[in-house]
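Enquirer: The structure follows.
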Amino acid sequence: MQTPVRGDYGLGLQVTSFYDHRVVDHTGEIGGFAAHVAFYPEDRLFVAVLGNVEDEPVKATACDLAALVFGSQPAVLDRHPLRDGDLSWMDLVTGTYAGQEGEPRTVARDGERLSFRRGSTSYSLIPIGFRVFGVDGSPGLTLTFEGPAGRAAVSCTARSCGRVLFSGKRRAGERDPRHP
(Lines give C-alpha, C1' and ligand atoms only; values in the text may rest on other atoms or scores of the structure.)
Protein backbone atom coordinates (compact mmCIF):
# COMPACT_ATOMS: atom_id res chain seq x y z
CA MET A 1 0.00 0.00 0.00
CA GLN A 2 2.97 2.30 0.60
CA THR A 3 4.55 1.79 -2.81
CA PRO A 4 3.60 4.52 -5.29
CA VAL A 5 1.83 3.01 -8.29
CA ARG A 6 0.47 6.10 -10.05
CA GLY A 7 2.46 9.27 -9.43
CA ASP A 8 2.66 9.61 -5.66
CA TYR A 9 -0.37 7.42 -5.00
CA GLY A 10 -0.08 3.87 -3.66
CA LEU A 11 -2.99 1.53 -2.98
CA GLY A 12 -5.33 3.91 -1.16
CA LEU A 13 -2.53 6.02 0.34
CA GLN A 14 -0.53 9.02 -0.82
CA VAL A 15 3.24 8.59 -0.51
CA THR A 16 5.16 11.88 -0.62
CA SER A 17 7.62 13.88 1.42
CA PHE A 18 7.06 16.75 3.79
CA TYR A 19 10.08 18.96 4.46
CA ASP A 20 12.35 16.09 3.39
CA HIS A 21 10.55 13.57 5.64
CA ARG A 22 8.87 10.63 3.88
CA VAL A 23 5.15 10.53 4.69
CA VAL A 24 2.33 8.10 3.97
CA ASP A 25 -1.03 9.82 4.43
CA HIS A 26 -4.71 9.94 3.60
CA THR A 27 -7.57 12.41 4.06
CA GLY A 28 -11.21 11.42 4.25
CA GLU A 29 -14.56 13.00 4.93
CA ILE A 30 -18.15 11.95 5.27
CA GLY A 31 -21.29 13.96 6.08
CA GLY A 32 -20.23 16.25 8.91
CA PHE A 33 -16.81 14.73 9.68
CA ALA A 34 -13.26 14.95 8.34
CA ALA A 35 -10.03 13.13 9.18
CA HIS A 36 -6.40 13.06 8.15
CA VAL A 37 -3.78 10.49 9.14
CA ALA A 38 -0.08 10.78 8.38
CA PHE A 39 2.69 8.28 9.12
CA TYR A 40 6.37 9.27 8.93
CA PRO A 41 8.05 5.82 8.94
CA GLU A 42 11.68 6.91 9.28
CA ASP A 43 10.77 9.32 12.09
CA ARG A 44 8.40 6.90 13.87
CA LEU A 45 5.77 9.64 13.97
CA PHE A 46 2.03 9.15 13.50
CA VAL A 47 -0.35 12.13 13.36
CA ALA A 48 -4.14 11.80 13.33
CA VAL A 49 -6.52 14.77 13.22
CA LEU A 50 -10.27 14.32 13.48
CA GLY A 51 -12.83 17.07 12.87
CA ASN A 52 -16.55 17.13 13.47
CA VAL A 53 -17.10 19.59 10.62
CA GLU A 54 -16.54 18.26 7.10
CA ASP A 55 -14.70 21.37 5.87
CA GLU A 56 -12.37 21.42 8.88
CA PRO A 57 -8.76 21.90 7.63
CA VAL A 58 -7.61 18.56 9.08
CA LYS A 59 -4.72 18.10 6.63
CA ALA A 60 -3.38 21.60 7.29
CA THR A 61 -3.58 20.97 11.04
CA ALA A 62 -1.80 17.61 10.68
CA CYS A 63 0.95 19.26 8.62
CA ASP A 64 1.30 22.00 11.25
CA LEU A 65 1.65 19.42 14.02
CA ALA A 66 4.35 17.55 12.09
CA ALA A 67 6.12 20.86 11.35
CA LEU A 68 6.19 21.56 15.10
CA VAL A 69 7.79 18.16 15.75
CA PHE A 70 10.34 18.59 12.94
CA GLY A 71 11.02 22.28 13.67
CA SER A 72 10.69 22.83 9.92
CA GLN A 73 8.56 25.96 9.85
CA PRO A 74 6.52 28.22 12.06
CA ALA A 75 3.15 26.48 12.19
CA VAL A 76 0.02 28.22 10.95
CA LEU A 77 -1.88 27.14 14.06
CA ASP A 78 -1.35 30.61 15.53
CA ARG A 79 -2.45 32.53 12.40
CA HIS A 80 -5.83 34.18 12.57
CA PRO A 81 -7.99 35.84 9.91
CA LEU A 82 -7.62 39.58 9.64
CA ARG A 83 -10.70 41.29 11.09
CA ASP A 84 -9.96 45.02 10.97
CA GLY A 85 -12.98 45.91 8.79
CA ASP A 86 -10.79 47.43 6.06
CA LEU A 87 -10.88 45.01 3.13
CA SER A 88 -8.79 47.11 0.74
CA TRP A 89 -5.77 44.92 1.55
CA MET A 90 -7.45 42.24 -0.57
CA ASP A 91 -6.72 44.32 -3.66
CA LEU A 92 -3.00 43.91 -3.02
CA VAL A 93 -3.10 40.22 -3.97
CA THR A 94 -5.51 40.38 -6.92
CA GLY A 95 -4.03 39.82 -10.35
CA THR A 96 -2.76 37.15 -12.69
CA TYR A 97 0.31 35.13 -11.76
CA ALA A 98 2.25 33.17 -14.39
CA GLY A 99 4.44 30.20 -13.53
CA GLN A 100 7.04 28.38 -15.60
CA GLU A 101 4.59 25.78 -16.90
CA GLY A 102 2.66 28.56 -18.64
CA GLU A 103 -0.86 28.17 -17.22
CA PRO A 104 -1.67 31.35 -15.29
CA ARG A 105 -3.55 31.55 -12.00
CA THR A 106 -5.84 34.50 -11.34
CA VAL A 107 -6.87 35.97 -8.01
CA ALA A 108 -10.01 38.10 -8.17
CA ARG A 109 -12.01 40.04 -5.61
CA ASP A 110 -15.80 39.98 -5.46
CA GLY A 111 -16.88 42.21 -2.58
CA GLU A 112 -15.65 40.59 0.63
CA ARG A 113 -14.44 37.41 -1.08
CA LEU A 114 -11.33 36.41 -2.97
CA SER A 115 -11.22 33.61 -5.50
CA PHE A 116 -8.33 31.70 -7.03
CA ARG A 117 -8.84 30.49 -10.58
CA ARG A 118 -6.89 28.01 -12.67
CA GLY A 119 -8.41 27.55 -16.11
CA SER A 120 -12.16 27.22 -15.66
CA THR A 121 -11.94 26.00 -12.04
CA SER A 122 -12.38 28.56 -9.27
CA TYR A 123 -11.78 28.20 -5.51
CA SER A 124 -12.66 30.51 -2.62
CA LEU A 125 -9.74 31.80 -0.56
CA ILE A 126 -9.89 31.94 3.23
CA PRO A 127 -7.51 34.40 4.95
CA ILE A 128 -5.40 32.73 7.63
CA GLY A 129 -2.73 35.40 7.98
CA PHE A 130 -1.32 38.46 6.26
CA ARG A 131 -1.05 37.50 2.57
CA VAL A 132 -1.56 33.84 3.50
CA PHE A 133 -4.76 32.04 2.44
CA GLY A 134 -6.25 28.60 2.70
CA VAL A 135 -8.01 27.21 -0.36
CA ASP A 136 -11.59 26.20 0.41
CA GLY A 137 -12.17 22.53 -0.29
CA SER A 138 -8.45 21.69 -0.50
CA PRO A 139 -7.17 20.71 2.96
CA GLY A 140 -3.52 21.57 3.52
CA LEU A 141 -3.30 23.84 0.47
CA THR A 142 -2.17 27.41 1.14
CA LEU A 143 -1.38 30.39 -1.05
CA THR A 144 1.26 32.86 0.06
CA PHE A 145 1.78 36.22 -1.64
CA GLU A 146 5.09 38.05 -1.45
CA GLY A 147 5.79 41.73 -2.01
CA PRO A 148 6.76 44.99 -0.31
CA ALA A 149 4.62 46.12 2.63
CA GLY A 150 1.66 48.25 1.56
CA ARG A 151 2.19 47.46 -2.13
CA ALA A 152 0.79 44.88 -4.51
CA ALA A 153 2.10 41.32 -4.25
CA VAL A 154 4.74 40.48 -6.85
CA SER A 155 4.55 36.69 -6.60
CA CYS A 156 2.32 33.85 -5.45
CA THR A 157 3.26 30.38 -4.16
CA ALA A 158 0.83 27.48 -3.68
CA ARG A 159 1.93 24.80 -1.20
CA SER A 160 0.44 21.57 0.01
CA CYS A 161 1.90 20.75 3.40
CA GLY A 162 5.13 22.56 2.55
CA ARG A 163 5.53 21.10 -0.97
CA VAL A 164 5.49 23.78 -3.67
CA LEU A 165 2.80 23.07 -6.28
CA PHE A 166 2.93 26.41 -8.10
CA SER A 167 5.11 29.48 -8.00
CA GLY A 168 4.39 32.43 -10.22
CA LYS A 169 5.13 36.11 -10.72
CA ARG A 170 2.51 38.80 -11.23
CA ARG A 171 2.18 39.45 -14.93
CA ALA A 172 4.09 42.46 -16.17
CA GLY A 173 1.99 45.52 -16.83
CA GLU A 174 -0.58 44.87 -14.09
CA ARG A 175 -0.91 47.98 -11.97
CA ASP A 176 -0.87 48.14 -8.20
CA PRO A 177 -4.51 49.03 -7.40
CA ARG A 178 -3.45 51.28 -4.51
CA HIS A 179 -0.51 52.98 -6.24
CA PRO A 180 -1.32 53.71 -9.93
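Every chain in the C-alpha coordinates takes a letter, A first, then B, and so on in the order presented; its residues are numbered from 1, and the ligands are numbered from 1 following the presented order.
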Using only C-alpha atoms, tabulate the residues of stretch 10-35 of chain A lying at most 8 Å from any atom of stretch 42-53 of chain A, each with its closest atom pair and that distance in Å to one decimal, by chain and increasing residue number, as a Markdown table.
Expert:
```
| residue | atom | partner | partner_atom | distance |
| --- | --- | --- | --- | --- |
| A:His21 | CA | A:Glu42 | CA | 7.7 |
| A:Arg22 | CA | A:Glu42 | CA | 7.1 |
| A:Gly32 | CA | A:Val53 | CA | 4.9 |
| A:Phe33 | CA | A:Asn52 | CA | 4.5 |
| A:Ala34 | CA | A:Gly51 | CA | 5.0 |
| A:Ala35 | CA | A:Leu50 | CA | 4.5 |
```
Enquirer: Write the residues you've just listed into a file as an mmCIF file, in the first residue's frame, and include all heavy atoms for each of them.
Expert:
```cif
data_model
loop_
_atom_site.group_PDB
_atom_site.id
_atom_site.type_symbol
_atom_site.label_atom_id
_atom_site.label_comp_id
_atom_site.auth_asym_id
_atom_site.auth_seq_id
_atom_site.Cartn_x
_atom_site.Cartn_y
_atom_site.Cartn_z
ATOM 1 N N HIS A 21 10.913 14.721 4.822
ATOM 2 C CA HIS A 21 10.554 13.572 5.643
ATOM 3 C C HIS A 21 9.528 12.762 4.848
ATOM 4 O O HIS A 21 8.487 13.294 4.448
ATOM 5 C CB HIS A 21 9.941 13.999 6.982
ATOM 6 C CG HIS A 21 10.877 14.765 7.848
ATOM 7 N ND1 HIS A 21 11.601 14.188 8.855
ATOM 8 C CD2 HIS A 21 11.214 16.082 7.853
ATOM 9 C CE1 HIS A 21 12.339 15.106 9.456
ATOM 10 N NE2 HIS A 21 12.123 16.270 8.860
ATOM 11 N N ARG A 22 9.811 11.494 4.618
ATOM 12 C CA ARG A 22 8.870 10.631 3.882
ATOM 13 C C ARG A 22 7.585 10.482 4.691
ATOM 14 O O ARG A 22 7.625 10.251 5.899
ATOM 15 C CB ARG A 22 9.497 9.266 3.644
ATOM 16 C CG ARG A 22 8.642 8.336 2.826
ATOM 17 C CD ARG A 22 9.440 7.066 2.455
ATOM 18 N NE ARG A 22 8.555 6.098 1.858
ATOM 19 C CZ ARG A 22 7.989 5.092 2.509
ATOM 20 N NH1 ARG A 22 8.244 4.896 3.786
ATOM 21 N NH2 ARG A 22 7.187 4.256 1.882
ATOM 22 N N GLY A 32 -20.424 15.626 7.615
ATOM 23 C CA GLY A 32 -20.227 16.253 8.913
ATOM 24 C C GLY A 32 -18.921 15.929 9.614
ATOM 25 O O GLY A 32 -18.670 16.441 10.707
ATOM 26 N N PHE A 33 -18.064 15.107 9.020
ATOM 27 C CA PHE A 33 -16.812 14.730 9.678
ATOM 28 C C PHE A 33 -15.666 14.756 8.673
ATOM 29 O O PHE A 33 -15.870 14.539 7.484
ATOM 30 C CB PHE A 33 -16.920 13.323 10.277
ATOM 31 C CG PHE A 33 -18.014 13.193 11.282
ATOM 32 C CD1 PHE A 33 -19.266 12.738 10.895
ATOM 33 C CD2 PHE A 33 -17.814 13.555 12.597
ATOM 34 C CE1 PHE A 33 -20.296 12.631 11.811
ATOM 35 C CE2 PHE A 33 -18.837 13.457 13.521
ATOM 36 C CZ PHE A 33 -20.081 12.999 13.127
ATOM 37 N N ALA A 34 -14.461 14.981 9.170
ATOM 38 C CA ALA A 34 -13.258 14.950 8.337
ATOM 39 C C ALA A 34 -12.121 14.375 9.163
ATOM 40 O O ALA A 34 -12.096 14.512 10.392
ATOM 41 C CB ALA A 34 -12.894 16.355 7.847
ATOM 42 N N ALA A 35 -11.170 13.728 8.489
ATOM 43 C CA ALA A 35 -10.033 13.133 9.184
ATOM 44 C C ALA A 35 -8.812 13.137 8.270
ATOM 45 O O ALA A 35 -8.936 13.091 7.044
ATOM 46 C CB ALA A 35 -10.357 11.703 9.612
#
```
Enquirer: Please identify which residues in stretch 88-132 of chain A DSSP calls helix (DSSP H, G or I) from the backbone, and express them as a list in words.
Expert: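 The residues of stretch 88-132 of chain A classed as helix (DSSP H, G or I) are Ser88, Trp89, Met90, Asp91 and Leu92 of chain A.
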Enquirer: Mind checking DSSP for chain A and telling me the strand (DSSP E) residues as a VMD selection string?
Expert: chain A and resid 14 to 18 21 to 30 33 to 40 45 to 51 95 to 99 105 to 110 113 to 118 121 to 129 132 to 135 141 to 146 155 to 160 163 to 170
Enquirer: Pick the closest to A:Thr3 from A:Val24, A:Trp89, A:Ser17, A:Ser120: which is it, counting only C-alpha atoms?
Expert: A:Val24
Enquirer: Which is closer to A:Phe145 than all the others in A:Glu101, A:Glu29, A:Asp91, A:Glu112, using only C-alpha atoms?
Expert: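 When distances to A:Phe145 are compared using only C-alpha atoms, the smallest one comes from A:Asp91.
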Enquirer: What does the distance from atom CA of A:Cys161 to atom CA of A:Arg6 come to in Å, to one decimal?
Expert: 19.9 Å
Enquirer: What's around A:Ala153 at 10 Å? Count only C-alpha atoms, leave out sequence neighbours fewer than 6 positions away in its own chain, and write the answer as a VMD selection string.
Expert: chain A and resid 91 to 95 97 131 144 to 147 169 to 170 176
Enquirer: Restricting the calculation to only C-alpha atoms, which member of A:Arg151, A:Arg171, A:Pro41, A:His36 is positioned closest to A:Ala60?
Expert: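 Closest residue, counting only C-alpha atoms: A:His36.
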Enquirer: Given only C-alpha atoms as the basis, pick out the residue of A:Ser88, A:Ser160, A:Gln2, A:Thr61 nearest to A:Phe39.
Expert: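 Counting only C-alpha atoms, the residue closest to A:Phe39 is A:Gln2.
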Enquirer: Leaving out A:Gly119 and any residue of its chain fewer than 2 positions from it, which residues lie within 10 Å of it when counting only C-alpha atoms, given as a list in words?
Expert: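 Once the nearby chain positions are removed, what remains is Glu103, Pro104, Arg105, Thr106, Phe116, Arg117, Thr121 and Ser122 of chain A.
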Enquirer: Keeping N, CA and C atoms for every residue in the selection just given, could you write it to a file as a PDB file, in the first residue's frame?
Expert:
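Output saved as result.pdb:
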```pdb
ATOM      1  N   GLU A 103       0.546  27.941 -17.529  1.00  0.00           N
ATOM      2  CA  GLU A 103      -0.863  28.173 -17.217  1.00  0.00           C
ATOM      3  C   GLU A 103      -0.991  29.165 -16.066  1.00  0.00           C
ATOM      4  N   PRO A 104      -1.583  30.329 -16.332  1.00  0.00           N
ATOM      5  CA  PRO A 104      -1.672  31.354 -15.289  1.00  0.00           C
ATOM      6  C   PRO A 104      -2.728  31.027 -14.241  1.00  0.00           C
ATOM      7  N   ARG A 105      -2.562  31.618 -13.079  1.00  0.00           N
ATOM      8  CA  ARG A 105      -3.546  31.551 -11.996  1.00  0.00           C
ATOM      9  C   ARG A 105      -4.005  32.977 -11.750  1.00  0.00           C
ATOM     10  N   THR A 106      -5.296  33.160 -11.548  1.00  0.00           N
ATOM     11  CA  THR A 106      -5.843  34.496 -11.336  1.00  0.00           C
ATOM     12  C   THR A 106      -6.500  34.592  -9.973  1.00  0.00           C
ATOM     13  N   PHE A 116      -9.542  32.138  -6.367  1.00  0.00           N
ATOM     14  CA  PHE A 116      -8.325  31.698  -7.031  1.00  0.00           C
ATOM     15  C   PHE A 116      -8.764  30.831  -8.197  1.00  0.00           C
ATOM     16  N   ARG A 117      -8.365  31.200  -9.406  1.00  0.00           N
ATOM     17  CA  ARG A 117      -8.844  30.487 -10.584  1.00  0.00           C
ATOM     18  C   ARG A 117      -7.679  29.933 -11.396  1.00  0.00           C
ATOM     19  N   THR A 121     -11.633  26.384 -13.413  1.00  0.00           N
ATOM     20  CA  THR A 121     -11.939  26.000 -12.038  1.00  0.00           C
ATOM     21  C   THR A 121     -11.611  27.148 -11.097  1.00  0.00           C
ATOM     22  N   SER A 122     -12.554  27.455 -10.209  1.00  0.00           N
ATOM     23  CA  SER A 122     -12.378  28.562  -9.270  1.00  0.00           C
ATOM     24  C   SER A 122     -12.562  28.060  -7.835  1.00  0.00           C
TER      25      SER A 122
END
```
Enquirer: Mind giving me the straight-line distance from atom CA of A:Thr142 to atom CA of A:Ser167 in Å, one decimal?
Expert: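 Going from atom CA of A:Thr142 over to atom CA of A:Ser167, I get 11.9 Å.
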